[in-house]
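Shown next: model.txt, given as compact mmCIF, C-alpha atoms and all ligand atoms.
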# COMPACT_ATOMS: atom_id res chain seq x y z
CA MET V 9 12.08 27.71 9.66
CA SER V 10 11.52 24.24 11.00
CA THR V 11 12.47 21.13 9.14
CA ALA V 12 12.20 17.37 9.58
CA SER V 13 12.70 14.30 7.38
CA ALA V 14 11.14 10.86 7.57
CA ILE V 15 11.30 7.63 5.62
CA ALA V 16 8.57 5.07 4.98
CA ARG V 17 8.27 1.96 2.88
CA PRO V 18 5.36 0.81 0.73
CA ASN V 19 3.15 -2.00 1.93
CA ILE V 20 1.40 -4.73 -0.01
CA ALA V 21 -2.04 -5.83 1.15
CA LEU V 22 -2.68 -9.57 1.46
CA ILE V 23 -6.27 -8.89 2.55
CA LYS V 24 -7.26 -5.91 0.45
CA TYR V 25 -8.90 -2.60 1.16
CA TRP V 26 -11.31 -1.89 -1.71
CA GLY V 27 -14.22 0.35 -0.83
CA LYS V 28 -14.93 3.28 1.47
CA ALA V 29 -17.45 3.57 4.29
CA ASP V 30 -17.09 7.36 4.25
CA VAL V 31 -15.64 9.13 1.24
CA GLU V 32 -15.34 12.50 3.01
CA GLU V 33 -13.33 11.05 5.92
CA ASN V 34 -11.67 8.47 3.64
CA LEU V 35 -12.67 5.65 6.00
CA PRO V 36 -12.35 2.10 4.63
CA ALA V 37 -15.45 -0.10 4.45
CA SER V 38 -13.48 -3.06 5.81
CA GLY V 39 -10.27 -4.03 7.54
CA SER V 40 -7.13 -5.10 5.69
CA LEU V 41 -3.85 -6.89 6.34
CA SER V 42 -0.52 -6.08 4.73
CA VAL V 43 3.21 -6.57 4.77
CA THR V 44 5.51 -3.57 4.93
CA LEU V 45 8.44 -3.82 2.52
CA ASP V 46 12.08 -3.21 3.22
CA THR V 47 14.37 -1.88 0.50
CA LEU V 48 11.84 0.30 -1.38
CA TYR V 49 11.25 3.67 0.23
CA THR V 50 9.99 7.22 0.04
CA GLN V 51 11.86 9.88 1.96
CA MET V 52 10.07 13.16 2.74
CA ARG V 53 11.61 16.38 3.93
CA VAL V 54 9.19 19.00 5.19
CA GLN V 55 10.28 22.56 5.79
CA PHE V 56 7.78 25.08 7.16
CA ASP V 57 8.89 28.56 6.16
CA GLU V 58 7.21 31.87 7.02
CA GLU V 59 8.80 33.43 3.90
CA LEU V 60 6.90 31.13 1.52
CA THR V 61 3.56 32.32 0.13
CA ASP V 62 2.54 28.92 -1.29
CA ASP V 63 3.31 25.28 -0.62
CA ARG V 64 5.87 23.67 -2.92
CA LEU V 65 6.26 20.03 -3.79
CA ILE V 66 9.36 18.56 -5.41
CA VAL V 67 9.25 14.85 -6.29
CA ASN V 68 12.56 13.27 -7.27
CA GLY V 69 13.91 16.74 -8.11
CA GLU V 70 10.90 17.90 -10.21
CA ALA V 71 8.10 20.28 -9.24
CA MET V 72 4.77 18.42 -9.06
CA PRO V 73 2.05 21.07 -8.85
CA HIS V 74 -0.79 18.63 -9.68
CA MET V 75 -0.12 16.60 -6.51
CA LEU V 76 0.15 19.68 -4.34
CA ALA V 77 -3.49 19.99 -3.28
CA ARG V 78 -3.58 16.51 -1.73
CA VAL V 79 -0.29 17.10 0.08
CA GLY V 80 -1.48 20.51 1.29
CA ARG V 81 -4.70 19.03 2.71
CA CYS V 82 -2.66 16.38 4.54
CA LEU V 83 -0.40 19.07 6.04
CA ASP V 84 -3.51 21.05 7.10
CA ARG V 85 -4.85 18.03 8.95
CA VAL V 86 -1.56 17.27 10.70
CA VAL V 87 -0.56 20.82 11.59
CA GLY V 88 -3.76 22.88 11.30
CA THR V 89 -5.03 25.18 8.55
CA GLY V 90 -3.33 28.26 10.08
CA ARG V 91 0.08 26.72 9.40
CA ARG V 92 3.03 28.28 7.61
CA ARG V 93 3.51 27.22 3.98
CA ALA V 94 5.83 24.29 3.38
CA ARG V 95 8.44 23.10 0.97
CA VAL V 96 8.09 19.33 0.64
CA ASP V 97 10.85 17.29 -0.99
CA SER V 98 10.08 13.69 -1.82
CA THR V 99 12.60 11.16 -3.07
CA GLY V 100 11.97 7.52 -3.72
CA ASN V 101 13.63 4.55 -5.33
CA PHE V 102 10.68 2.93 -7.15
CA PRO V 103 8.17 3.99 -9.86
CA ILE V 104 5.25 6.09 -8.60
CA ALA V 105 1.60 5.54 -9.53
CA ALA V 106 2.05 2.05 -10.97
CA GLY V 107 0.25 -0.06 -8.40
CA LEU V 108 3.30 -0.19 -6.12
CA ALA V 109 1.67 1.77 -3.32
CA SER V 110 3.86 4.84 -3.67
CA SER V 111 1.09 6.94 -2.08
CA ALA V 112 1.26 4.69 0.99
CA SER V 113 4.95 5.29 1.67
CA ALA V 114 4.68 8.95 0.63
CA PHE V 115 1.86 9.91 2.98
CA ALA V 116 3.21 7.80 5.84
CA ALA V 117 6.55 9.61 5.59
CA LEU V 118 4.81 12.96 5.10
CA VAL V 119 2.76 12.83 8.32
CA VAL V 120 5.79 11.80 10.38
CA ALA V 121 8.00 14.54 8.92
CA ALA V 122 5.28 17.23 9.06
CA SER V 123 4.34 16.51 12.65
CA ALA V 124 8.01 16.61 13.75
CA ALA V 125 8.76 19.76 11.72
CA ALA V 126 5.82 21.46 13.44
CA GLY V 127 7.16 20.38 16.85
CA GLU V 128 4.12 18.23 17.61
CA THR V 129 4.10 15.05 19.63
CA ALA V 130 1.55 12.81 17.93
CA ASP V 131 1.60 9.09 18.70
CA GLN V 132 1.98 6.44 15.99
CA LEU V 133 -1.75 5.63 15.82
CA GLN V 134 -2.72 9.30 15.46
CA LEU V 135 -0.20 9.63 12.65
CA ALA V 136 -1.52 6.44 11.03
CA ARG V 137 -5.05 7.86 11.12
CA GLN V 138 -3.86 11.10 9.54
CA ALA V 139 -1.98 9.21 6.81
CA GLY V 140 -5.11 7.11 6.24
CA ARG V 141 -7.18 10.25 5.61
CA ALA V 142 -4.88 10.99 2.64
CA SER V 143 -4.52 7.42 1.35
CA GLY V 144 -6.24 4.45 3.01
CA SER V 145 -3.29 2.11 2.60
CA ALA V 146 -0.83 4.72 3.95
CA ALA V 147 -2.06 4.12 7.50
CA ARG V 148 -0.48 0.65 7.35
CA SER V 149 2.98 1.95 6.35
CA LEU V 150 3.37 3.55 9.78
CA TYR V 151 3.95 0.02 11.09
CA GLY V 152 6.42 -2.73 10.21
CA GLY V 153 6.14 -6.42 9.36
CA PHE V 154 2.63 -7.91 9.16
CA VAL V 155 0.14 -5.13 9.81
CA GLU V 156 -3.59 -5.31 10.49
CA LEU V 157 -5.92 -2.37 10.00
CA SER V 158 -9.35 -2.70 11.58
CA ALA V 159 -12.15 -0.40 10.58
CA SER V 160 -15.16 0.75 12.57
CA ALA V 161 -17.90 3.10 11.35
CA THR V 162 -16.03 6.15 12.63
CA SER V 163 -12.34 5.31 12.87
CA ILE V 164 -9.50 2.91 12.13
CA ASP V 165 -7.06 1.04 14.36
CA VAL V 166 -3.74 -0.18 13.06
CA ARG V 167 -1.16 -2.45 14.65
CA SER V 168 1.75 -4.69 13.75
CA ILE V 169 0.75 -8.30 14.48
CA LEU V 170 4.18 -9.81 13.72
CA GLY V 171 7.48 -7.97 13.36
CA PRO V 172 9.54 -8.21 10.15
CA GLU V 173 12.10 -10.58 11.71
CA GLU V 174 9.50 -12.81 13.35
CA TRP V 175 8.45 -14.47 10.10
CA PRO V 176 10.90 -13.52 7.34
CA MET V 177 9.36 -13.30 3.90
CA THR V 178 10.58 -12.13 0.51
CA VAL V 179 8.35 -10.12 -1.81
CA ILE V 180 9.25 -10.19 -5.50
CA VAL V 181 7.59 -7.59 -7.68
CA ALA V 182 7.33 -8.49 -11.36
CA VAL V 183 7.09 -5.15 -13.16
CA THR V 184 5.02 -5.67 -16.32
CA ALA V 185 4.41 -2.00 -17.25
CA SER V 186 5.47 1.39 -16.01
CA GLY V 187 3.56 4.65 -16.04
CA PRO V 188 0.50 5.87 -14.21
CA LYS V 189 -2.57 3.68 -13.80
CA PRO V 190 -5.61 4.33 -16.03
CA VAL V 191 -8.08 4.87 -13.15
CA SER V 192 -7.13 6.13 -9.68
CA SER V 193 -7.95 3.72 -6.85
CA GLY V 194 -10.35 6.27 -5.30
CA ASP V 195 -12.41 6.60 -8.50
CA ALA V 196 -12.25 2.88 -9.14
CA MET V 197 -13.48 2.06 -5.62
CA ARG V 198 -16.44 4.39 -6.05
CA GLN V 199 -17.26 2.81 -9.41
CA SER V 200 -17.05 -0.67 -7.85
CA ALA V 201 -19.34 0.25 -4.95
CA ASP V 202 -21.86 1.89 -7.28
CA THR V 203 -22.00 -0.71 -10.03
CA SER V 204 -20.54 -4.15 -9.21
CA PRO V 205 -23.20 -6.73 -8.28
CA PHE V 206 -20.53 -8.44 -6.15
CA TYR V 207 -19.47 -5.43 -4.08
CA GLY V 208 -21.81 -6.04 -1.11
CA ARG V 209 -20.78 -9.67 -0.82
CA TRP V 210 -17.10 -8.70 -1.08
CA ILE V 211 -17.42 -6.36 1.89
CA ASP V 212 -19.53 -8.89 3.86
CA GLU V 213 -16.80 -11.54 3.58
CA GLN V 214 -13.89 -9.30 4.54
CA ASP V 215 -14.06 -9.94 8.30
CA HIS V 216 -13.92 -13.67 7.69
CA ASP V 217 -10.93 -13.47 5.33
CA LEU V 218 -9.19 -11.14 7.74
CA ALA V 219 -9.67 -13.56 10.65
CA VAL V 220 -8.31 -16.47 8.58
CA ALA V 221 -5.28 -14.42 7.48
CA ARG V 222 -4.58 -13.11 11.00
CA GLU V 223 -4.62 -16.64 12.40
CA ALA V 224 -2.37 -17.90 9.58
CA VAL V 225 0.15 -15.15 10.29
CA LEU V 226 0.12 -15.72 14.04
CA LYS V 227 0.61 -19.49 13.51
CA ARG V 228 3.11 -18.85 10.68
CA ASP V 229 1.03 -21.13 8.48
CA PHE V 230 2.24 -20.30 4.95
CA ARG V 231 -0.24 -22.54 3.11
CA ALA V 232 -3.23 -21.05 4.89
CA LEU V 233 -1.99 -17.51 4.29
CA ALA V 234 -1.30 -18.27 0.62
CA ALA V 235 -4.80 -19.67 0.08
CA VAL V 236 -6.69 -16.80 1.69
CA ALA V 237 -4.47 -14.08 0.17
CA GLU V 238 -4.85 -15.31 -3.43
CA HIS V 239 -8.59 -15.81 -2.92
CA ASN V 240 -8.96 -12.31 -1.49
CA CYS V 241 -6.97 -10.75 -4.32
CA LEU V 242 -8.96 -12.51 -7.02
CA LYS V 243 -12.22 -11.54 -5.31
CA MET V 244 -11.18 -7.88 -5.31
CA HIS V 245 -10.32 -8.06 -9.02
CA SER V 246 -13.65 -9.84 -9.69
CA VAL V 247 -15.40 -6.83 -8.14
CA MET V 248 -13.36 -4.56 -10.42
CA TRP V 249 -14.01 -6.64 -13.53
CA SER V 250 -17.75 -6.76 -12.80
CA SER V 251 -18.00 -2.98 -12.41
CA ARG V 252 -19.51 -0.88 -15.20
CA PRO V 253 -17.47 0.18 -17.03
CA ALA V 254 -15.16 -2.70 -16.13
CA ILE V 255 -11.93 -1.84 -14.31
CA VAL V 256 -9.11 -4.03 -15.59
CA TYR V 257 -5.62 -3.30 -14.31
CA TRP V 258 -4.00 -6.47 -15.63
CA ASN V 259 -2.14 -6.96 -18.90
CA SER V 260 -1.12 -10.17 -20.63
CA ALA V 261 2.16 -10.31 -18.69
CA THR V 262 0.25 -10.09 -15.39
CA VAL V 263 -1.66 -13.22 -16.40
CA ALA V 264 1.53 -14.93 -17.60
CA CYS V 265 3.08 -14.24 -14.17
CA MET V 266 0.07 -15.83 -12.45
CA GLU V 267 0.62 -18.89 -14.60
CA THR V 268 4.31 -18.93 -13.60
CA ILE V 269 3.29 -18.94 -9.93
CA ARG V 270 0.84 -21.81 -10.55
CA VAL V 271 3.62 -23.84 -12.23
CA LEU V 272 5.95 -23.20 -9.26
CA GLN V 273 3.22 -24.18 -6.80
CA LYS V 274 2.64 -27.45 -8.67
CA LYS V 275 6.37 -28.19 -8.29
CA GLY V 276 6.01 -27.67 -4.53
CA VAL V 277 7.63 -24.22 -4.29
CA PRO V 278 6.07 -22.25 -1.42
CA VAL V 279 4.89 -19.03 -3.07
CA PHE V 280 1.70 -17.08 -3.66
CA PHE V 281 0.78 -13.97 -5.64
CA THR V 282 -1.15 -10.82 -5.07
CA ILE V 283 -2.00 -7.94 -7.43
CA ASP V 284 -3.17 -4.42 -6.57
CA ALA V 285 -4.59 -1.53 -8.59
CA GLY V 286 -1.96 -1.93 -11.29
CA PRO V 287 -0.46 -4.54 -13.63
CA GLN V 288 2.46 -5.65 -11.43
CA LEU V 289 2.36 -9.07 -9.81
CA LYS V 290 3.79 -9.43 -6.31
CA ALA V 291 4.98 -12.88 -5.31
CA VAL V 292 5.42 -13.68 -1.63
CA CYS V 293 7.65 -16.54 -0.51
CA PRO V 294 10.02 -17.61 2.26
CA PRO V 295 13.57 -16.25 1.60
CA ASP V 296 14.99 -19.67 0.64
CA ALA V 297 12.52 -19.93 -2.27
CA ALA V 298 13.22 -16.41 -3.51
CA ASP V 299 15.93 -17.24 -6.11
CA THR V 300 13.71 -19.85 -7.77
CA VAL V 301 10.71 -17.51 -7.82
CA ALA V 302 12.71 -14.50 -9.07
CA ASP V 303 14.32 -16.56 -11.88
CA ALA V 304 10.96 -17.93 -13.00
CA LEU V 305 9.30 -14.49 -13.03
CA ARG V 306 12.25 -12.89 -14.82
CA ALA V 307 11.91 -15.52 -17.57
CA THR V 308 8.17 -14.88 -17.97
CA ALA V 309 7.09 -13.18 -21.23
CA GLY V 310 6.47 -9.45 -20.81
CA VAL V 311 8.25 -9.00 -17.47
CA GLN V 312 10.30 -5.80 -17.69
CA ASP V 313 12.00 -5.83 -14.33
CA ILE V 314 12.12 -7.61 -10.99
CA LEU V 315 12.25 -5.87 -7.61
CA ARG V 316 13.11 -8.00 -4.63
CA THR V 317 12.73 -7.09 -0.98
CA GLY V 318 12.25 -8.46 2.49
CA LEU V 319 9.88 -7.15 5.14
CA GLY V 320 10.71 -3.84 6.78
CA GLN V 321 10.01 -1.43 9.58
CA GLY V 322 7.33 1.19 9.92
CA ALA V 323 7.84 4.89 9.13
CA GLU V 324 10.77 6.52 10.91
CA LEU V 325 11.83 10.04 11.67
CA LEU V 326 15.36 10.67 10.40
CA ALA V 327 17.86 12.35 12.68
CA ASP V 328 19.44 14.38 9.90
CA ALA V 329 16.83 16.83 8.57
O1 LIG M 1 -4.71 3.54 -0.45
P1 LIG M 1 -5.27 3.61 -1.80
O2 LIG M 1 -6.41 4.56 -1.91
O3 LIG M 1 -4.24 3.83 -2.86
O4 LIG M 1 -5.94 2.17 -2.15
C1 LIG M 1 -5.22 0.95 -2.08
C2 LIG M 1 -5.92 -0.13 -2.81
C3 LIG M 1 -5.17 -1.45 -2.97
O5 LIG M 1 -3.79 -1.23 -3.08
C4 LIG M 1 -5.65 -2.11 -4.26
C5 LIG M 1 -5.47 -2.42 -1.84
C6 LIG M 1 -4.76 -2.16 -0.52
O6 LIG M 1 -5.31 -2.57 0.51
O7 LIG M 1 -3.64 -1.62 -0.51
Would you kindly transcribe this structure into structure tokens?
Ligand code: PMV
Amino acid sequence: MSTASAIARPNIALIKYWGKADVEENLPASGSLSVTLDTLYTQMRVQFDEELTDDRLIVNGEAMPHMLARVGRCLDRVVGTGRRRARVDSTGNFPIAAGLASSASAFAALVVAASAAAGETADQLQLARQAGRASGSAARSLYGGFVELSASATSIDVRSILGPEEWPMTVIVAVTASGPKPVSSGDAMRQSADTSPFYGRWIDEQDHDLAVAREAVLKRDFRALAAVAEHNCLKMHSVMWSSRPAIVYWNSATVACMETIRVLQKKGVPVFFTIDAGPQLKAVCPPDAADTVADALRATAGVQDILRTGLGQGAELLADA
């Protein structure tokens, strides 16, 4: 038996990935830029065992057979198809499948743990590429702080452009609904590419938005980052809304939270929002504005809960398996 454990945190994209260049290889059609979070995590323990006849997946103490195939394929890619079967234990401290990028932290932790349990020595970029094959956004959770993913026709590159301590930021998640999302991001991306009249333009403008965001991060220009991140988020949702059938992840509380952010901005509070494939709103602000932002979101109609976190490190192998 060989066992290893790893931990990874979710990331939130400020310049979004929405569309694939290659569905088979799960290659994104454009680059993206994200922040890796701190206090939210997924921990994965992988145990390869010659006695097992099938893989097993336990998520927060419960067997999850319907997620097993995707996990098994990821293990095959990391370790090879002739591998021993594995018992995979996943524990996390935030709701899965609700637009909080639980697949990102899960697959980032999985590739690190699986590679170590198999005694392999893969570098961080190789592991990021393997995580990205399972979930596009997972490639970014291998790295900490502000992370840029660049996409070519055949591969991805991922790097941290600013460490978590180099430009401290607080991310406040306003939870407006729990439970799984109505359409998976993979299906929704395909639907967007096939049917939205805005999809081509969205992809064409990604390099520009990415360059503006990268420069804003490197100059620590909050206003510039806020402007391009909100614009990019709303463009992605416009592509979703203009798909047929329309893909709408928001609820009325999501919109109310956007209004709360607008009111704060008018008062001069440095904050911006972003929203992914789910109804939660994520507000990003410097730490000294975080109390004001959290209080305002908590008081917004329909907000069920508030999660608050700083920026964190990339995926890490844990010493104690
Ligand atoms: O990694 P996936 O397939 O779950 O897709 C992520 C899609 C968004 O969260 C909406 C955007 C992103 O870049 O994370």
Protein and nucleic acid residues within 8 Å of ligand LIG 1 (chain M) (only C-alpha atoms and all ligand atoms) as a PDB file with C-alpha atoms, in the frame of the given file:
ATOM      1  CA  ASN V  19       3.150  -2.000   1.930  1.00  0.00           C
ATOM      2  CA  ILE V  20       1.400  -4.730  -0.010  1.00  0.00           C
ATOM      3  CA  ALA V  21      -2.040  -5.830   1.150  1.00  0.00           C
ATOM      4  CA  LEU V  22      -2.680  -9.570   1.460  1.00  0.00           C
ATOM      5  CA  ILE V  23      -6.270  -8.890   2.550  1.00  0.00           C
ATOM      6  CA  LYS V  24      -7.260  -5.910   0.450  1.00  0.00           C
ATOM      7  CA  TYR V  25      -8.900  -2.600   1.160  1.00  0.00           C
ATOM      8  CA  TRP V  26     -11.310  -1.890  -1.710  1.00  0.00           C
ATOM      9  CA  SER V  40      -7.130  -5.100   5.690  1.00  0.00           C
ATOM     10  CA  LEU V  41      -3.850  -6.890   6.340  1.00  0.00           C
ATOM     11  CA  SER V  42      -0.520  -6.080   4.730  1.00  0.00           C
ATOM     12  CA  GLY V 107       0.250  -0.060  -8.400  1.00  0.00           C
ATOM     13  CA  LEU V 108       3.300  -0.190  -6.120  1.00  0.00           C
ATOM     14  CA  ALA V 109       1.670   1.770  -3.320  1.00  0.00           C
ATOM     15  CA  SER V 111       1.090   6.940  -2.080  1.00  0.00           C
ATOM     16  CA  ALA V 112       1.260   4.690   0.990  1.00  0.00           C
ATOM     17  CA  GLY V 140      -5.110   7.110   6.240  1.00  0.00           C
ATOM     18  CA  SER V 143      -4.520   7.420   1.350  1.00  0.00           C
ATOM     19  CA  GLY V 144      -6.240   4.450   3.010  1.00  0.00           C
ATOM     20  CA  SER V 145      -3.290   2.110   2.600  1.00  0.00           C
ATOM     21  CA  ALA V 146      -0.830   4.720   3.950  1.00  0.00           C
ATOM     22  CA  SER V 192      -7.130   6.130  -9.680  1.00  0.00           C
ATOM     23  CA  SER V 193      -7.950   3.720  -6.850  1.00  0.00           C
ATOM     24  CA  GLY V 194     -10.350   6.270  -5.300  1.00  0.00           C
ATOM     25  CA  ILE V 283      -2.000  -7.940  -7.430  1.00  0.00           C
ATOM     26  CA  ASP V 284      -3.170  -4.420  -6.570  1.00  0.00           C
ATOM     27  CA  ALA V 285      -4.590  -1.530  -8.590  1.00  0.00           C
ATOM     28  CA  GLY V 286      -1.960  -1.930 -11.290  1.00  0.00           C
TER      29      GLY V 286
END
Practice problem: Counting all atoms listed in the file, note down every residue that has an atom within 8 Å of the point (11.3, -13.6, 7.2) (file coordinates), as number ranges by chain. | Solution: V: 172-178, 294-295, 318-319
Quiz prompt | Shell of 6 Å around Asp63 in chain V, all atoms listed in the file, local chain residues under 2 positions omitted, as a PyMOL selection string | solution = chain V and resi 93-95
Quiz item: CA of Ser149 in chain V to CA of Leu170 in chain V: how many Å, to one decimal?
Solution: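 According to the coordinates, CA of Ser149 in chain V and CA of Leu170 in chain V are separated by 13.9 Å.
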Exercise. Pick out the residues sitting within 12 Å of Ile15 in chain V, and hand them over as a PyMOL selection string; count only C-alpha atoms, and ignore anything fewer than 6 positions along from it in its own chain.
Key: chain V and resi 46-54+97-101+112-122+149-151+320-329
Exercise. Excluding Leu35 in chain V and residues on its chain fewer than 6 positions from it, collect all residues at most 8 Å away from it, counting all atoms listed in the file, and give them as JSON, numbers by chain.
Key: {"V": [28, 29, 140, 141, 144, 159, 161, 162, 163, 164]}
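For Thr268 in chain V, the list of residues within 8 Å, based on only C-alpha atoms and with local chain neighbours fewer than 6 positions off taken out, reads Ala304, Leu305 and Thr308 of chain V.
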Exercise. Measuring atom to atom with all atoms listed in the file, identify which of V:Trp210, V:Phe280, V:Trp258, V:Phe56 is nearest to Ser38 in chain V.
Key: V:Trp210
Self-check item: Nearby residues (only C-alpha atoms) at most 8 Å from range 217-229 of chain V, same-chain spacing under 2 positions excluded, as a ChimeraX atom specification
Solution: /V:23,39-41,154,156,169-170,175,213-215,231-233,236-237,240
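Counting from CA of Val263 in chain V, the distance to CA of Leu289 in chain V is 8.8 Å.
In this model, the gap between CA of Asp131 in chain V and CA of Ala77 in chain V comes to 25.1 Å.
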Quiz item: With all atoms listed in the file as the basis for distance, which of V:Ala142, V:Ala309, V:Ala124, V:Ala297 is at the shortest distance from Thr262 in chain V?
Solution: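 The answer is V:Ala309, which sits nearest to Thr262 in chain V.
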Quiz item: Which of these residues is nearest to Thr44 in chain V, using all atoms listed in the file: V:Thr317, V:Asn68, V:Ser246, V:Thr89?
Solution: V:Thr317
If the box runs along x, y and z of the file and leaves 5 Å on each side of range 111-126 of chain V, what are its centre and edge lengths in Å, one decimal, as lines of an AutoDock Vina configuration file?
center_x = 4.9
center_y = 13.1
center_z = 5.8
size_x = 17.7
size_y = 26.8
size_z = 25.8
Practice problem: May I ask which of the residues V:Gly27, V:Thr282, V:Leu45, V:Met244 is the closest one to Asp202 in chain V, counting all atoms listed in the file? | Solution: V:Gly27
Exercise. Would you please work out which residue, of V:Gly276, V:Gly208, V:Gly152, V:Gly187, is nearest to Gln132 in chain V when using all atoms listed in the file?
Key: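 Closest to Gln132 in chain V of all the choices is V:Gly152.
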